[in-house]
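For reference, input-v3.cif is printed below; it contains mmCIF, C-alpha atoms.
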data_input
loop_
_atom_site.group_PDB
_atom_site.id
_atom_site.type_symbol
_atom_site.label_atom_id
_atom_site.label_comp_id
_atom_site.auth_asym_id
_atom_site.auth_seq_id
_atom_site.Cartn_x
_atom_site.Cartn_y
_atom_site.Cartn_z
ATOM 1 C CA MET O 1 0.000 0.000 0.000
ATOM 2 C CA ARG O 2 1.231 3.499 -0.756
ATOM 3 C CA ALA O 3 0.600 6.572 1.378
ATOM 4 C CA ILE O 4 0.787 10.021 -0.181
ATOM 5 C CA VAL O 5 1.251 12.654 2.531
ATOM 6 C CA LYS O 6 0.674 16.354 1.752
ATOM 7 C CA ILE O 7 2.136 18.877 4.205
ATOM 8 C CA THR O 8 1.357 22.606 4.041
ATOM 9 C CA LEU O 9 1.941 25.589 6.278
ATOM 10 C CA LYS O 10 -1.007 26.676 8.402
ATOM 11 C CA ASN O 11 -2.761 29.915 7.492
ATOM 12 C CA GLY O 12 -1.072 32.873 9.112
ATOM 13 C CA VAL O 13 2.388 31.273 9.143
ATOM 14 C CA LEU O 14 4.871 33.293 7.112
ATOM 15 C CA ASP O 15 6.136 31.505 4.010
ATOM 16 C CA PRO O 16 9.413 33.097 2.836
ATOM 17 C CA GLN O 17 10.003 30.344 0.282
ATOM 18 C CA GLY O 18 6.551 30.959 -1.190
ATOM 19 C CA LYS O 19 7.333 34.687 -1.386
ATOM 20 C CA ALA O 20 10.607 33.929 -3.199
ATOM 21 C CA ILE O 21 8.759 31.721 -5.699
ATOM 22 C CA GLU O 22 6.158 34.456 -6.207
ATOM 23 C CA GLY O 23 8.872 37.032 -6.885
ATOM 24 C CA ALA O 24 10.690 34.732 -9.301
ATOM 25 C CA LEU O 25 7.490 33.982 -11.226
ATOM 26 C CA ASN O 26 6.717 37.684 -11.513
ATOM 27 C CA SER O 27 10.256 38.428 -12.714
ATOM 28 C CA LEU O 28 9.847 35.731 -15.380
ATOM 29 C CA GLY O 29 6.755 37.494 -16.678
ATOM 30 C CA PHE O 30 4.067 35.360 -15.047
ATOM 31 C CA GLY O 31 1.760 38.110 -13.824
ATOM 32 C CA GLY O 32 -1.534 37.905 -12.016
ATOM 33 C CA ILE O 33 -0.201 35.842 -9.108
ATOM 34 C CA ASP O 34 -1.476 37.171 -5.801
ATOM 35 C CA SER O 35 0.087 34.669 -3.434
ATOM 36 C CA VAL O 36 2.219 31.525 -3.457
ATOM 37 C CA ARG O 37 2.325 28.977 -0.637
ATOM 38 C CA GLN O 38 4.712 26.054 -0.863
ATOM 39 C CA GLY O 39 4.516 22.664 0.774
ATOM 40 C CA LYS O 40 5.801 19.156 0.375
ATOM 41 C CA ILE O 41 4.590 15.727 -0.674
ATOM 42 C CA ILE O 42 6.007 12.552 0.827
ATOM 43 C CA GLU O 43 5.266 9.142 -0.679
ATOM 44 C CA LEU O 44 5.612 6.079 1.536
ATOM 45 C CA ASP O 45 5.439 2.440 0.448
ATOM 46 C CA LEU O 46 3.961 0.461 3.329
ATOM 47 C CA ASP O 47 3.991 -3.282 3.932
ATOM 48 C CA GLU O 48 0.669 -2.986 5.777
ATOM 49 C CA THR O 49 -2.356 -4.294 3.846
ATOM 50 C CA GLU O 50 -5.120 -3.390 6.321
ATOM 51 C CA THR O 51 -6.417 0.114 5.666
ATOM 52 C CA GLU O 52 -7.214 0.953 9.312
ATOM 53 C CA LYS O 53 -3.740 -0.059 10.507
ATOM 54 C CA ALA O 54 -2.077 1.804 7.641
ATOM 55 C CA GLU O 55 -4.073 4.963 8.427
ATOM 56 C CA ALA O 56 -3.119 4.770 12.094
ATOM 57 C CA ALA O 57 0.547 4.260 11.247
ATOM 58 C CA VAL O 58 0.677 7.143 8.753
ATOM 59 C CA ALA O 59 -1.120 9.499 11.143
ATOM 60 C CA GLU O 60 1.367 8.598 13.882
ATOM 61 C CA MET O 61 4.309 9.152 11.493
ATOM 62 C CA CYS O 62 2.946 12.586 10.611
ATOM 63 C CA GLU O 63 2.373 13.556 14.240
ATOM 64 C CA LYS O 64 5.787 12.349 15.445
ATOM 65 C CA LEU O 65 8.108 13.196 12.548
ATOM 66 C CA LEU O 66 6.849 14.174 9.127
ATOM 67 C CA ALA O 67 4.908 17.335 10.030
ATOM 68 C CA ASN O 68 5.579 20.054 12.551
ATOM 69 C CA THR O 69 1.995 20.246 13.761
ATOM 70 C CA VAL O 70 2.570 23.603 15.449
ATOM 71 C CA ILE O 71 2.963 25.350 12.076
ATOM 72 C CA GLU O 72 1.944 22.709 9.507
ATOM 73 C CA ASN O 73 -1.198 20.861 8.455
ATOM 74 C CA TYR O 74 -1.098 17.438 6.902
ATOM 75 C CA SER O 75 -3.410 15.186 4.964
ATOM 76 C CA TYR O 76 -2.822 11.810 3.409
ATOM 77 C CA GLU O 77 -4.275 9.409 0.904
ATOM 78 C CA LEU O 78 -3.816 5.650 0.869
ATOM 79 C CA VAL O 79 -3.489 3.959 -2.518
ATOM 80 C CA PRO O 80 -3.674 0.160 -2.759
#
Please go through the file and, once you have read it, give me the structure as structure tokens.
Amino acid sequence: MRAIVKITLKNGVLDPQGKAIEGALNSLGFGGIDSVRQGKIIELDLDETETEKAEAAVAEMCEKLLANTVIENYSYELVP
């Protein structure tokens, strides 16, 4: 089973990397961009075949290591 984890900054948290991307896009002539927020995607191949156990394991991984839950949100999708 594969888990696809999406991690983004919470609203209100400053995103200097997003601002840098926004500035670079504007300097390359891509106008009309009001705001850029960046995040990350982590793909995990799991040995677990039971959906409930896989969900519990991925949620625990996110809470303990993959996401800084003080400033980041996470969501995940399990793909058989």
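Of the listed residues (O:Ile33, O:Met1, O:Leu25, O:Val13), O:Val13 comes nearest to Val70 in chain O; the distances count all atoms listed in the file.
Candidate residues O:Asp45, O:Asp34, O:Glu55, O:Glu72 were compared for distance to Asn11 in chain O, and the nearest is O:Glu72, using all atoms listed in the file.
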What does the PyMOL selection byres ((chain O and resi 67) around 12) select in this file, as number ranges by chain? O: 5-10, 39-42, 58-66, 68-76
Can you tell me, as JSON, the centre and edge lengths (Å, one decimal) of the axis-aligned box enclosing all of range 60-73 of chain O's listed atoms after padding each side by 4 Å?
{"center_x": 3.5, "center_y": 17.0, "center_z": 12.0, "size_x": 17.3, "size_y": 24.8, "size_z": 15.0}
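Put simply, CA of Asn26 in chain O is 15.9 Å away from CA of Gln38 in chain O.
Closest to Thr51 in chain O among O:Val36, O:Ala24, O:Leu78, O:Ile4 is O:Leu78, based on only C-alpha atoms.
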Nearest residue to Gly12 in chain O from the set O:Arg37, O:Ala54, O:Pro80, O:Thr49 (distances using all atoms listed in the file): O:Arg37
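Reported to one decimal place, the separation of CA of Gly18 in chain O from CA of Val79 in chain O is 28.8 Å.
Put simply, CA of Glu43 in chain O is 5.7 Å away from CA of Ala3 in chain O.
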